[in-house]
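File shown here: start-v2.cif, holding mmCIF, N, CA, C and O atoms.
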```
data_final
#
loop_
_atom_site.group_PDB
_atom_site.id
_atom_site.type_symbol
_atom_site.label_atom_id
_atom_site.label_comp_id
_atom_site.auth_asym_id
_atom_site.auth_seq_id
_atom_site.Cartn_x
_atom_site.Cartn_y
_atom_site.Cartn_z
ATOM 1 N N MET T 508 5.780 -44.249 20.373
ATOM 2 C CA MET T 508 5.921 -43.734 21.717
ATOM 3 C C MET T 508 7.278 -43.045 21.851
ATOM 4 O O MET T 508 8.258 -43.511 21.303
ATOM 5 N N THR T 509 7.293 -41.954 22.569
ATOM 6 C CA THR T 509 8.532 -41.212 22.753
ATOM 7 C C THR T 509 9.313 -41.767 23.937
ATOM 8 O O THR T 509 8.760 -42.382 24.832
ATOM 9 N N ASN T 510 10.607 -41.508 23.934
ATOM 10 C CA ASN T 510 11.405 -41.951 25.071
ATOM 11 C C ASN T 510 11.465 -40.849 26.123
ATOM 12 O O ASN T 510 10.978 -39.738 25.915
ATOM 13 N N PHE T 511 12.081 -41.160 27.250
ATOM 14 C CA PHE T 511 12.121 -40.210 28.356
ATOM 15 C C PHE T 511 12.794 -38.905 27.956
ATOM 16 O O PHE T 511 12.317 -37.820 28.302
ATOM 17 N N GLN T 512 13.902 -38.971 27.256
ATOM 18 C CA GLN T 512 14.632 -37.757 26.884
ATOM 19 C C GLN T 512 13.782 -36.845 25.995
ATOM 20 O O GLN T 512 13.824 -35.622 26.128
ATOM 21 N N GLN T 513 12.997 -37.407 25.102
ATOM 22 C CA GLN T 513 12.116 -36.605 24.261
ATOM 23 C C GLN T 513 11.011 -35.948 25.097
ATOM 24 O O GLN T 513 10.716 -34.762 24.916
ATOM 25 N N ARG T 514 10.416 -36.715 26.010
ATOM 26 C CA ARG T 514 9.375 -36.148 26.877
ATOM 27 C C ARG T 514 9.956 -35.073 27.786
ATOM 28 O O ARG T 514 9.336 -34.040 28.023
ATOM 29 N N LYS T 515 11.163 -35.312 28.300
ATOM 30 C CA LYS T 515 11.810 -34.333 29.183
ATOM 31 C C LYS T 515 12.086 -33.039 28.429
ATOM 32 O O LYS T 515 11.886 -31.946 28.965
ATOM 33 N N ALA T 516 12.534 -33.132 27.186
ATOM 34 C CA ALA T 516 12.804 -31.931 26.383
ATOM 35 C C ALA T 516 11.525 -31.114 26.195
ATOM 36 O O ALA T 516 11.549 -29.876 26.285
ATOM 37 N N ILE T 517 10.416 -31.788 25.966
ATOM 38 C CA ILE T 517 9.129 -31.093 25.821
ATOM 39 C C ILE T 517 8.748 -30.427 27.139
ATOM 40 O O ILE T 517 8.328 -29.266 27.175
ATOM 41 N N GLY T 518 8.896 -31.146 28.242
ATOM 42 C CA GLY T 518 8.586 -30.589 29.559
ATOM 43 C C GLY T 518 9.472 -29.397 29.899
ATOM 44 O O GLY T 518 8.998 -28.382 30.419
ATOM 45 N N ASP T 519 10.763 -29.495 29.592
ATOM 46 C CA ASP T 519 11.691 -28.394 29.859
ATOM 47 C C ASP T 519 11.314 -27.161 29.048
ATOM 48 O O ASP T 519 11.356 -26.035 29.562
ATOM 49 N N ALA T 520 10.950 -27.366 27.792
ATOM 50 C CA ALA T 520 10.546 -26.238 26.943
ATOM 51 C C ALA T 520 9.284 -25.580 27.508
ATOM 52 O O ALA T 520 9.169 -24.346 27.518
ATOM 53 N N HIS T 521 8.355 -26.386 28.000
ATOM 54 C CA HIS T 521 7.128 -25.837 28.582
ATOM 55 C C HIS T 521 7.437 -25.036 29.847
ATOM 56 O O HIS T 521 6.888 -23.954 30.052
ATOM 57 N N GLU T 522 8.327 -25.555 30.692
ATOM 58 C CA GLU T 522 8.714 -24.824 31.902
ATOM 59 C C GLU T 522 9.334 -23.472 31.544
ATOM 60 O O GLU T 522 9.030 -22.461 32.188
ATOM 61 N N ARG T 523 10.200 -23.454 30.532
ATOM 62 C CA ARG T 523 10.809 -22.182 30.106
ATOM 63 C C ARG T 523 9.741 -21.215 29.613
ATOM 64 O O ARG T 523 9.781 -20.020 29.912
ATOM 65 N N TYR T 524 8.765 -21.724 28.867
ATOM 66 C CA TYR T 524 7.680 -20.890 28.357
ATOM 67 C C TYR T 524 6.879 -20.281 29.518
ATOM 68 O O TYR T 524 6.596 -19.078 29.520
ATOM 69 N N VAL T 525 6.518 -21.106 30.490
ATOM 70 C CA VAL T 525 5.754 -20.614 31.644
ATOM 71 C C VAL T 525 6.568 -19.556 32.388
ATOM 72 O O VAL T 525 6.050 -18.495 32.755
ATOM 73 N N ALA T 526 7.852 -19.819 32.593
ATOM 74 C CA ALA T 526 8.711 -18.854 33.282
ATOM 75 C C ALA T 526 8.773 -17.532 32.508
ATOM 76 O O ALA T 526 8.684 -16.452 33.105
ATOM 77 N N GLU T 527 8.916 -17.601 31.195
ATOM 78 C CA GLU T 527 8.950 -16.385 30.369
ATOM 79 C C GLU T 527 7.638 -15.611 30.468
ATOM 80 O O GLU T 527 7.642 -14.382 30.587
ATOM 81 N N GLN T 528 6.523 -16.323 30.414
ATOM 82 C CA GLN T 528 5.217 -15.660 30.495
ATOM 83 C C GLN T 528 5.025 -14.972 31.841
ATOM 84 O O GLN T 528 4.517 -13.851 31.915
ATOM 85 N N LEU T 529 5.422 -15.626 32.923
ATOM 86 C CA LEU T 529 5.305 -15.015 34.245
ATOM 87 C C LEU T 529 6.229 -13.797 34.364
ATOM 88 O O LEU T 529 5.833 -12.763 34.894
ATOM 89 N N THR T 530 7.443 -13.907 33.856
ATOM 90 C CA THR T 530 8.395 -12.800 33.902
ATOM 91 C C THR T 530 7.851 -11.591 33.157
ATOM 92 O O THR T 530 7.940 -10.458 33.636
ATOM 93 N N GLU T 531 7.259 -11.826 31.993
ATOM 94 C CA GLU T 531 6.674 -10.732 31.212
ATOM 95 C C GLU T 531 5.534 -10.042 31.962
ATOM 96 O O GLU T 531 5.235 -8.891 31.699
ATOM 97 N N ARG T 532 4.930 -10.750 32.898
ATOM 98 C CA ARG T 532 3.815 -10.193 33.675
ATOM 99 C C ARG T 532 4.273 -9.626 35.021
ATOM 100 O O ARG T 532 3.464 -9.335 35.884
ATOM 101 N N GLY T 533 5.591 -9.502 35.205
ATOM 102 C CA GLY T 533 6.119 -8.861 36.396
ATOM 103 C C GLY T 533 6.500 -9.770 37.551
ATOM 104 O O GLY T 533 6.822 -9.295 38.631
ATOM 105 N N TRP T 534 6.467 -11.075 37.331
ATOM 106 C CA TRP T 534 6.837 -12.017 38.383
ATOM 107 C C TRP T 534 8.343 -12.284 38.329
ATOM 108 O O TRP T 534 8.935 -12.303 37.255
ATOM 109 N N GLU T 535 8.943 -12.524 39.501
ATOM 110 C CA GLU T 535 10.310 -13.044 39.588
ATOM 111 C C GLU T 535 10.182 -14.558 39.562
ATOM 112 O O GLU T 535 9.402 -15.121 40.342
ATOM 113 N N VAL T 536 10.925 -15.222 38.703
ATOM 114 C CA VAL T 536 10.785 -16.677 38.557
ATOM 115 C C VAL T 536 12.153 -17.337 38.656
ATOM 116 O O VAL T 536 13.122 -16.875 38.060
ATOM 117 N N ASP T 537 12.225 -18.419 39.425
ATOM 118 C CA ASP T 537 13.436 -19.233 39.515
ATOM 119 C C ASP T 537 13.077 -20.687 39.268
ATOM 120 O O ASP T 537 12.008 -21.152 39.677
ATOM 121 N N PHE T 538 13.990 -21.382 38.611
ATOM 122 C CA PHE T 538 13.833 -22.825 38.448
ATOM 123 C C PHE T 538 14.259 -23.467 39.762
ATOM 124 O O PHE T 538 15.187 -23.034 40.419
ATOM 125 N N TRP T 539 13.549 -24.503 40.148
ATOM 126 C CA TRP T 539 13.782 -25.146 41.416
ATOM 127 C C TRP T 539 13.559 -26.631 41.210
ATOM 128 O O TRP T 539 13.328 -27.078 40.106
ATOM 129 N N GLY T 540 13.620 -27.418 42.218
ATOM 130 C CA GLY T 540 13.252 -28.820 42.109
ATOM 131 C C GLY T 540 14.422 -29.741 41.838
ATOM 132 O O GLY T 540 15.574 -29.340 41.769
ATOM 133 N N GLN T 541 14.087 -31.006 41.658
ATOM 134 C CA GLN T 541 15.092 -32.047 41.521
ATOM 135 C C GLN T 541 16.011 -31.839 40.328
ATOM 136 O O GLN T 541 17.173 -32.223 40.364
ATOM 137 N N GLY T 542 15.501 -31.255 39.268
ATOM 138 C CA GLY T 542 16.320 -31.053 38.072
ATOM 139 C C GLY T 542 17.512 -30.156 38.300
ATOM 140 O O GLY T 542 18.449 -30.155 37.516
ATOM 141 N N GLN T 543 17.507 -29.400 39.385
ATOM 142 C CA GLN T 543 18.613 -28.505 39.703
ATOM 143 C C GLN T 543 19.672 -29.180 40.572
ATOM 144 O O GLN T 543 20.719 -28.616 40.823
ATOM 145 N N LEU T 544 19.387 -30.379 41.033
ATOM 146 C CA LEU T 544 20.298 -31.090 41.925
ATOM 147 C C LEU T 544 21.270 -31.966 41.143
ATOM 148 O O LEU T 544 21.024 -32.315 39.987
ATOM 149 N N SER T 545 22.346 -32.344 41.799
ATOM 150 C CA SER T 545 23.316 -33.239 41.158
ATOM 151 C C SER T 545 22.689 -34.610 40.921
ATOM 152 O O SER T 545 21.677 -34.969 41.534
ATOM 153 N N ARG T 546 23.292 -35.381 40.051
ATOM 154 C CA ARG T 546 22.793 -36.718 39.720
ATOM 155 C C ARG T 546 22.701 -37.598 40.970
ATOM 156 O O ARG T 546 21.746 -38.362 41.140
ATOM 157 N N ALA T 547 23.689 -37.500 41.854
ATOM 158 C CA ALA T 547 23.694 -38.324 43.068
ATOM 159 C C ALA T 547 22.478 -38.010 43.937
ATOM 160 O O ALA T 547 21.820 -38.925 44.452
ATOM 161 N N PHE T 548 22.167 -36.725 44.096
ATOM 162 C CA PHE T 548 20.996 -36.349 44.886
ATOM 163 C C PHE T 548 19.711 -36.804 44.206
ATOM 164 O O PHE T 548 18.785 -37.277 44.859
ATOM 165 N N GLN T 549 19.626 -36.664 42.912
ATOM 166 C CA GLN T 549 18.426 -37.093 42.193
ATOM 167 C C GLN T 549 18.176 -38.578 42.421
ATOM 168 O O GLN T 549 17.043 -38.992 42.679
ATOM 169 N N CYS T 550 19.218 -39.384 42.339
ATOM 170 C CA CYS T 550 19.075 -40.831 42.540
ATOM 171 C C CYS T 550 18.652 -41.148 43.972
ATOM 172 O O CYS T 550 17.802 -42.007 44.197
ATOM 173 N N ALA T 551 19.232 -40.444 44.948
ATOM 174 C CA ALA T 551 18.878 -40.684 46.348
ATOM 175 C C ALA T 551 17.427 -40.295 46.620
ATOM 176 O O ALA T 551 16.707 -41.009 47.325
ATOM 177 N N ILE T 552 16.989 -39.173 46.070
ATOM 178 C CA ILE T 552 15.624 -38.698 46.302
ATOM 179 C C ILE T 552 14.591 -39.667 45.737
ATOM 180 O O ILE T 552 13.525 -39.862 46.303
ATOM 181 N N ARG T 553 14.908 -40.303 44.610
ATOM 182 C CA ARG T 553 13.975 -41.271 44.020
ATOM 183 C C ARG T 553 13.665 -42.428 44.967
ATOM 184 O O ARG T 553 12.635 -43.070 44.846
ATOM 185 N N LYS T 554 14.582 -42.698 45.906
ATOM 186 C CA LYS T 554 14.430 -43.852 46.794
ATOM 187 C C LYS T 554 13.819 -43.496 48.143
ATOM 188 O O LYS T 554 13.767 -44.340 49.025
ATOM 189 N N THR T 555 13.347 -42.275 48.314
ATOM 190 C CA THR T 555 12.809 -41.844 49.608
ATOM 191 C C THR T 555 11.333 -41.497 49.510
ATOM 192 O O THR T 555 10.835 -41.195 48.434
ATOM 193 N N ASP T 556 10.669 -41.549 50.652
ATOM 194 C CA ASP T 556 9.273 -41.123 50.724
ATOM 195 C C ASP T 556 9.167 -39.687 51.233
ATOM 196 O O ASP T 556 8.072 -39.188 51.454
ATOM 197 N N SER T 557 10.296 -39.023 51.426
ATOM 198 C CA SER T 557 10.319 -37.656 51.945
ATOM 199 C C SER T 557 9.556 -36.711 51.023
ATOM 200 O O SER T 557 9.534 -36.875 49.800
ATOM 201 N N SER T 558 8.955 -35.682 51.620
ATOM 202 C CA SER T 558 8.234 -34.688 50.815
ATOM 203 C C SER T 558 9.176 -33.900 49.908
ATOM 204 O O SER T 558 8.723 -33.275 48.948
ATOM 205 N N ILE T 559 10.471 -33.938 50.170
ATOM 206 C CA ILE T 559 11.435 -33.255 49.296
ATOM 207 C C ILE T 559 11.320 -33.788 47.865
ATOM 208 O O ILE T 559 11.622 -33.109 46.902
ATOM 209 N N ARG T 560 10.845 -35.001 47.756
ATOM 210 C CA ARG T 560 10.683 -35.635 46.449
ATOM 211 C C ARG T 560 9.695 -34.880 45.554
ATOM 212 O O ARG T 560 9.742 -34.985 44.335
ATOM 213 N N TRP T 561 8.792 -34.138 46.158
ATOM 214 C CA TRP T 561 7.726 -33.485 45.404
ATOM 215 C C TRP T 561 7.926 -31.980 45.288
ATOM 216 O O TRP T 561 6.978 -31.237 45.122
ATOM 217 N N PHE T 562 9.162 -31.523 45.394
ATOM 218 C CA PHE T 562 9.432 -30.092 45.216
ATOM 219 C C PHE T 562 8.921 -29.633 43.856
ATOM 220 O O PHE T 562 8.952 -30.387 42.882
ATOM 221 N N PRO T 563 8.489 -28.391 43.767
ATOM 222 C CA PRO T 563 8.007 -27.874 42.483
ATOM 223 C C PRO T 563 9.159 -27.638 41.507
ATOM 224 O O PRO T 563 10.324 -27.653 41.904
ATOM 225 N N ASP T 564 8.818 -27.410 40.244
ATOM 226 C CA ASP T 564 9.822 -27.138 39.219
ATOM 227 C C ASP T 564 10.166 -25.657 39.139
ATOM 228 O O ASP T 564 11.286 -25.292 38.788
ATOM 229 N N LEU T 565 9.186 -24.812 39.427
ATOM 230 C CA LEU T 565 9.378 -23.362 39.381
ATOM 231 C C LEU T 565 8.844 -22.745 40.661
ATOM 232 O O LEU T 565 7.885 -23.253 41.243
ATOM 233 N N ILE T 566 9.455 -21.636 41.074
ATOM 234 C CA ILE T 566 8.917 -20.839 42.170
ATOM 235 C C ILE T 566 8.857 -19.409 41.653
ATOM 236 O O ILE T 566 9.785 -18.944 40.984
ATOM 237 N N ALA T 567 7.738 -18.741 41.888
ATOM 238 C CA ALA T 567 7.558 -17.379 41.371
ATOM 239 C C ALA T 567 6.967 -16.490 42.467
ATOM 240 O O ALA T 567 6.157 -16.935 43.275
ATOM 241 N N ALA T 568 7.406 -15.229 42.453
ATOM 242 C CA ALA T 568 6.911 -14.263 43.440
ATOM 243 C C ALA T 568 6.600 -12.952 42.741
ATOM 244 O O ALA T 568 7.296 -12.537 41.814
ATOM 245 N N GLU T 569 5.514 -12.330 43.206
ATOM 246 C CA GLU T 569 5.131 -11.011 42.711
ATOM 247 C C GLU T 569 4.514 -10.290 43.885
ATOM 248 O O GLU T 569 3.502 -10.735 44.429
ATOM 249 N N ALA T 570 5.179 -9.212 44.322
ATOM 250 C CA ALA T 570 4.773 -8.506 45.546
ATOM 251 C C ALA T 570 4.743 -9.509 46.696
ATOM 252 O O ALA T 570 5.737 -10.167 46.960
ATOM 253 N N LYS T 571 3.591 -9.693 47.336
ATOM 254 C CA LYS T 571 3.497 -10.636 48.449
ATOM 255 C C LYS T 571 2.961 -12.001 48.041
ATOM 256 O O LYS T 571 2.754 -12.881 48.872
ATOM 257 N N ASP T 572 2.728 -12.181 46.755
ATOM 258 C CA ASP T 572 2.223 -13.467 46.261
ATOM 259 C C ASP T 572 3.382 -14.397 45.921
ATOM 260 O O ASP T 572 4.369 -13.991 45.319
ATOM 261 N N LEU T 573 3.239 -15.638 46.295
ATOM 262 C CA LEU T 573 4.241 -16.664 46.025
ATOM 263 C C LEU T 573 3.526 -17.890 45.467
ATOM 264 O O LEU T 573 2.513 -18.322 46.022
ATOM 265 N N VAL T 574 4.040 -18.435 44.369
ATOM 266 C CA VAL T 574 3.442 -19.639 43.795
ATOM 267 C C VAL T 574 4.526 -20.678 43.538
ATOM 268 O O VAL T 574 5.665 -20.340 43.231
ATOM 269 N N LEU T 575 4.160 -21.937 43.705
ATOM 270 C CA LEU T 575 5.012 -23.075 43.401
ATOM 271 C C LEU T 575 4.369 -23.809 42.239
ATOM 272 O O LEU T 575 3.189 -24.129 42.289
ATOM 273 N N ILE T 576 5.133 -24.061 41.199
ATOM 274 C CA ILE T 576 4.582 -24.659 39.982
ATOM 275 C C ILE T 576 5.284 -25.971 39.695
ATOM 276 O O ILE T 576 6.511 -26.031 39.610
ATOM 277 N N ASP T 577 4.501 -27.019 39.522
ATOM 278 C CA ASP T 577 5.058 -28.332 39.216
ATOM 279 C C ASP T 577 4.590 -28.772 37.854
ATOM 280 O O ASP T 577 3.474 -28.614 37.488
#
```
What do you get writing this file as C-alpha coordinates?
Amino acid sequence: MTNFQQRKAIGDAHERYVAEQLTERGWEVDFWGQGQLSRAFQCAIRKTDSSIRWFPDLIAAEAKDLVLID
(Lines of atoms letter the chains of each structure in order from A and count residues from 1; the text may use other names and numbers.)
(Lines give C-alpha, C1' and ligand atoms only; values in the text may rest on other atoms or scores of the structure.)
Protein backbone atom coordinates (compact mmCIF):
# COMPACT_ATOMS: atom_id res chain seq x y z
CA MET A 1 0.00 0.00 0.00
CA THR A 2 1.23 3.47 -0.81
CA ASN A 3 1.45 6.29 1.68
CA PHE A 4 -0.30 9.63 1.41
CA GLN A 5 2.68 11.45 -0.10
CA GLN A 6 2.96 8.86 -2.89
CA ARG A 7 -0.77 9.06 -3.65
CA LYS A 8 -0.64 12.87 -3.56
CA ALA A 9 2.27 12.92 -6.04
CA ILE A 10 0.24 10.76 -8.43
CA GLY A 11 -2.80 13.01 -8.01
CA ASP A 12 -0.72 16.16 -8.55
CA ALA A 13 0.79 14.72 -11.73
CA HIS A 14 -2.70 13.87 -13.00
CA GLU A 15 -3.95 17.41 -12.27
CA ARG A 16 -0.99 18.86 -14.21
CA TYR A 17 -1.75 16.52 -17.12
CA VAL A 18 -5.43 17.54 -17.20
CA ALA A 19 -4.46 21.22 -17.04
CA GLU A 20 -1.98 20.77 -19.92
CA GLN A 21 -4.56 18.95 -22.04
CA LEU A 22 -7.17 21.66 -21.48
CA THR A 23 -4.63 24.42 -22.23
CA GLU A 24 -3.68 22.72 -25.50
CA ARG A 25 -7.38 22.80 -26.43
CA GLY A 26 -7.67 26.55 -25.85
CA TRP A 27 -8.89 26.66 -22.25
CA GLU A 28 -7.48 29.00 -19.59
CA VAL A 29 -6.70 26.84 -16.55
CA ASP A 30 -5.80 27.78 -12.97
CA PHE A 31 -5.04 25.57 -10.01
CA TRP A 32 -7.42 26.25 -7.17
CA GLY A 33 -8.59 24.54 -4.01
CA GLN A 34 -7.17 23.69 -0.63
CA GLY A 35 -3.75 22.77 -1.98
CA GLN A 36 -3.16 26.44 -2.77
CA LEU A 37 -3.83 27.56 0.80
CA SER A 38 -1.39 27.84 3.68
CA ARG A 39 -0.99 24.91 6.05
CA ALA A 40 -2.94 26.75 8.78
CA PHE A 41 -5.94 27.23 6.49
CA GLN A 42 -5.80 23.62 5.30
CA CYS A 43 -5.91 22.38 8.90
CA ALA A 44 -8.80 24.71 9.79
CA ILE A 45 -10.82 23.70 6.72
CA ARG A 46 -10.50 20.00 7.61
CA LYS A 47 -12.42 20.73 10.83
CA THR A 48 -15.41 22.50 9.24
CA ASP A 49 -18.57 21.41 7.49
CA SER A 50 -18.46 24.53 5.27
CA SER A 51 -18.82 24.03 1.52
CA ILE A 52 -15.41 25.73 1.16
CA ARG A 53 -14.05 22.32 2.08
CA TRP A 54 -15.14 20.94 -1.29
CA PHE A 55 -13.56 23.54 -3.58
CA PRO A 56 -12.36 22.07 -6.87
CA ASP A 57 -8.69 21.50 -7.70
CA LEU A 58 -8.81 23.20 -11.11
CA ILE A 59 -10.94 25.91 -12.67
CA ALA A 60 -11.00 26.30 -16.45
CA ALA A 61 -12.69 28.74 -18.82
CA GLU A 62 -13.11 28.82 -22.57
CA ALA A 63 -15.21 31.61 -24.07
CA LYS A 64 -18.36 31.60 -21.91
CA ASP A 65 -17.88 28.06 -20.62
CA LEU A 66 -16.59 27.55 -17.09
CA VAL A 67 -15.76 24.20 -15.49
CA LEU A 68 -14.68 23.21 -11.99
CA ILE A 69 -12.62 20.03 -11.78
CA ASP A 70 -12.04 18.02 -8.63
Which polymer residues have any atom within 8 Å of an atom of region 544-561 of chain T, counting all atoms listed in the file, with same-chain residues fewer than 3 positions away left out, as a list in words? Trp539, Gly540, Gln541, Asp564, Ile576 and Asp577 of chain T
DSSP strand (DSSP E) residues within region 509-543 of chain T, listed as a VMD selection string: chain T and resid 535 to 538
Quick check on the file I pasted: which residues fall under the PyMOL selection byres (((chain T and resi 522 and name CA) around 12) and name CA)? Write them as a VMD selection string. chain T and resid 515 to 521 523 to 529 536 to 540 542 563 to 566 576 to 577
Just how far from atom C of Val574 (chain T) is atom O of Arg514 (chain T), in Å to one decimal?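 Interatomic distance, atom O of Arg514 (chain T) to atom C of Val574 (chain T): 21.0 Å.
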List the residues selected by the PyMOL selection byres ((chain T and resi 569) around 6) in the file shown, writing them as a list in words.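 Output of the PyMOL selection byres ((chain T and resi 569) around 6): Gly533, Trp534, Glu535, Ala567, Ala568, Ala570, Lys571, Asp572 and Leu573 of chain T.
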Those residues with N, CA, C and O atoms, as a CSV table (one decimal), in the coordinates of the input please?
```csv
chain,number,residue,atom,x,y,z
T,533,GLY,N,5.6,-9.5,35.2
T,533,GLY,CA,6.1,-8.9,36.4
T,533,GLY,C,6.5,-9.8,37.6
T,533,GLY,O,6.8,-9.3,38.6
T,534,TRP,N,6.5,-11.1,37.3
T,534,TRP,CA,6.8,-12.0,38.4
T,534,TRP,C,8.3,-12.3,38.3
T,534,TRP,O,8.9,-12.3,37.3
T,535,GLU,N,8.9,-12.5,39.5
T,535,GLU,CA,10.3,-13.0,39.6
T,535,GLU,C,10.2,-14.6,39.6
T,535,GLU,O,9.4,-15.1,40.3
T,567,ALA,N,7.7,-18.7,41.9
T,567,ALA,CA,7.6,-17.4,41.4
T,567,ALA,C,7.0,-16.5,42.5
T,567,ALA,O,6.2,-16.9,43.3
T,568,ALA,N,7.4,-15.2,42.5
T,568,ALA,CA,6.9,-14.3,43.4
T,568,ALA,C,6.6,-13.0,42.7
T,568,ALA,O,7.3,-12.5,41.8
T,570,ALA,N,5.2,-9.2,44.3
T,570,ALA,CA,4.8,-8.5,45.5
T,570,ALA,C,4.7,-9.5,46.7
T,570,ALA,O,5.7,-10.2,47.0
T,571,LYS,N,3.6,-9.7,47.3
T,571,LYS,CA,3.5,-10.6,48.4
T,571,LYS,C,3.0,-12.0,48.0
T,571,LYS,O,2.8,-12.9,48.9
T,572,ASP,N,2.7,-12.2,46.8
T,572,ASP,CA,2.2,-13.5,46.3
T,572,ASP,C,3.4,-14.4,45.9
T,572,ASP,O,4.4,-14.0,45.3
T,573,LEU,N,3.2,-15.6,46.3
T,573,LEU,CA,4.2,-16.7,46.0
T,573,LEU,C,3.5,-17.9,45.5
T,573,LEU,O,2.5,-18.3,46.0
```
Tell me, which residues of region 530-561 of chain T carry DSSP helix (DSSP H, G or I), written as a ChimeraX atom specification? /T:530-531,541-543,546-553,558-561
Atomic separation - atom N of Arg532 (chain T) relative to CA of Gln512 (chain T), Å: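 Interatomic distance here is 29.3 Å.
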Just the number, please: distance in Å from CA of Glu531 (chain T) to atom N of Phe562 (chain T), one decimal.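 Here the two named atoms are 25.3 Å from each other.
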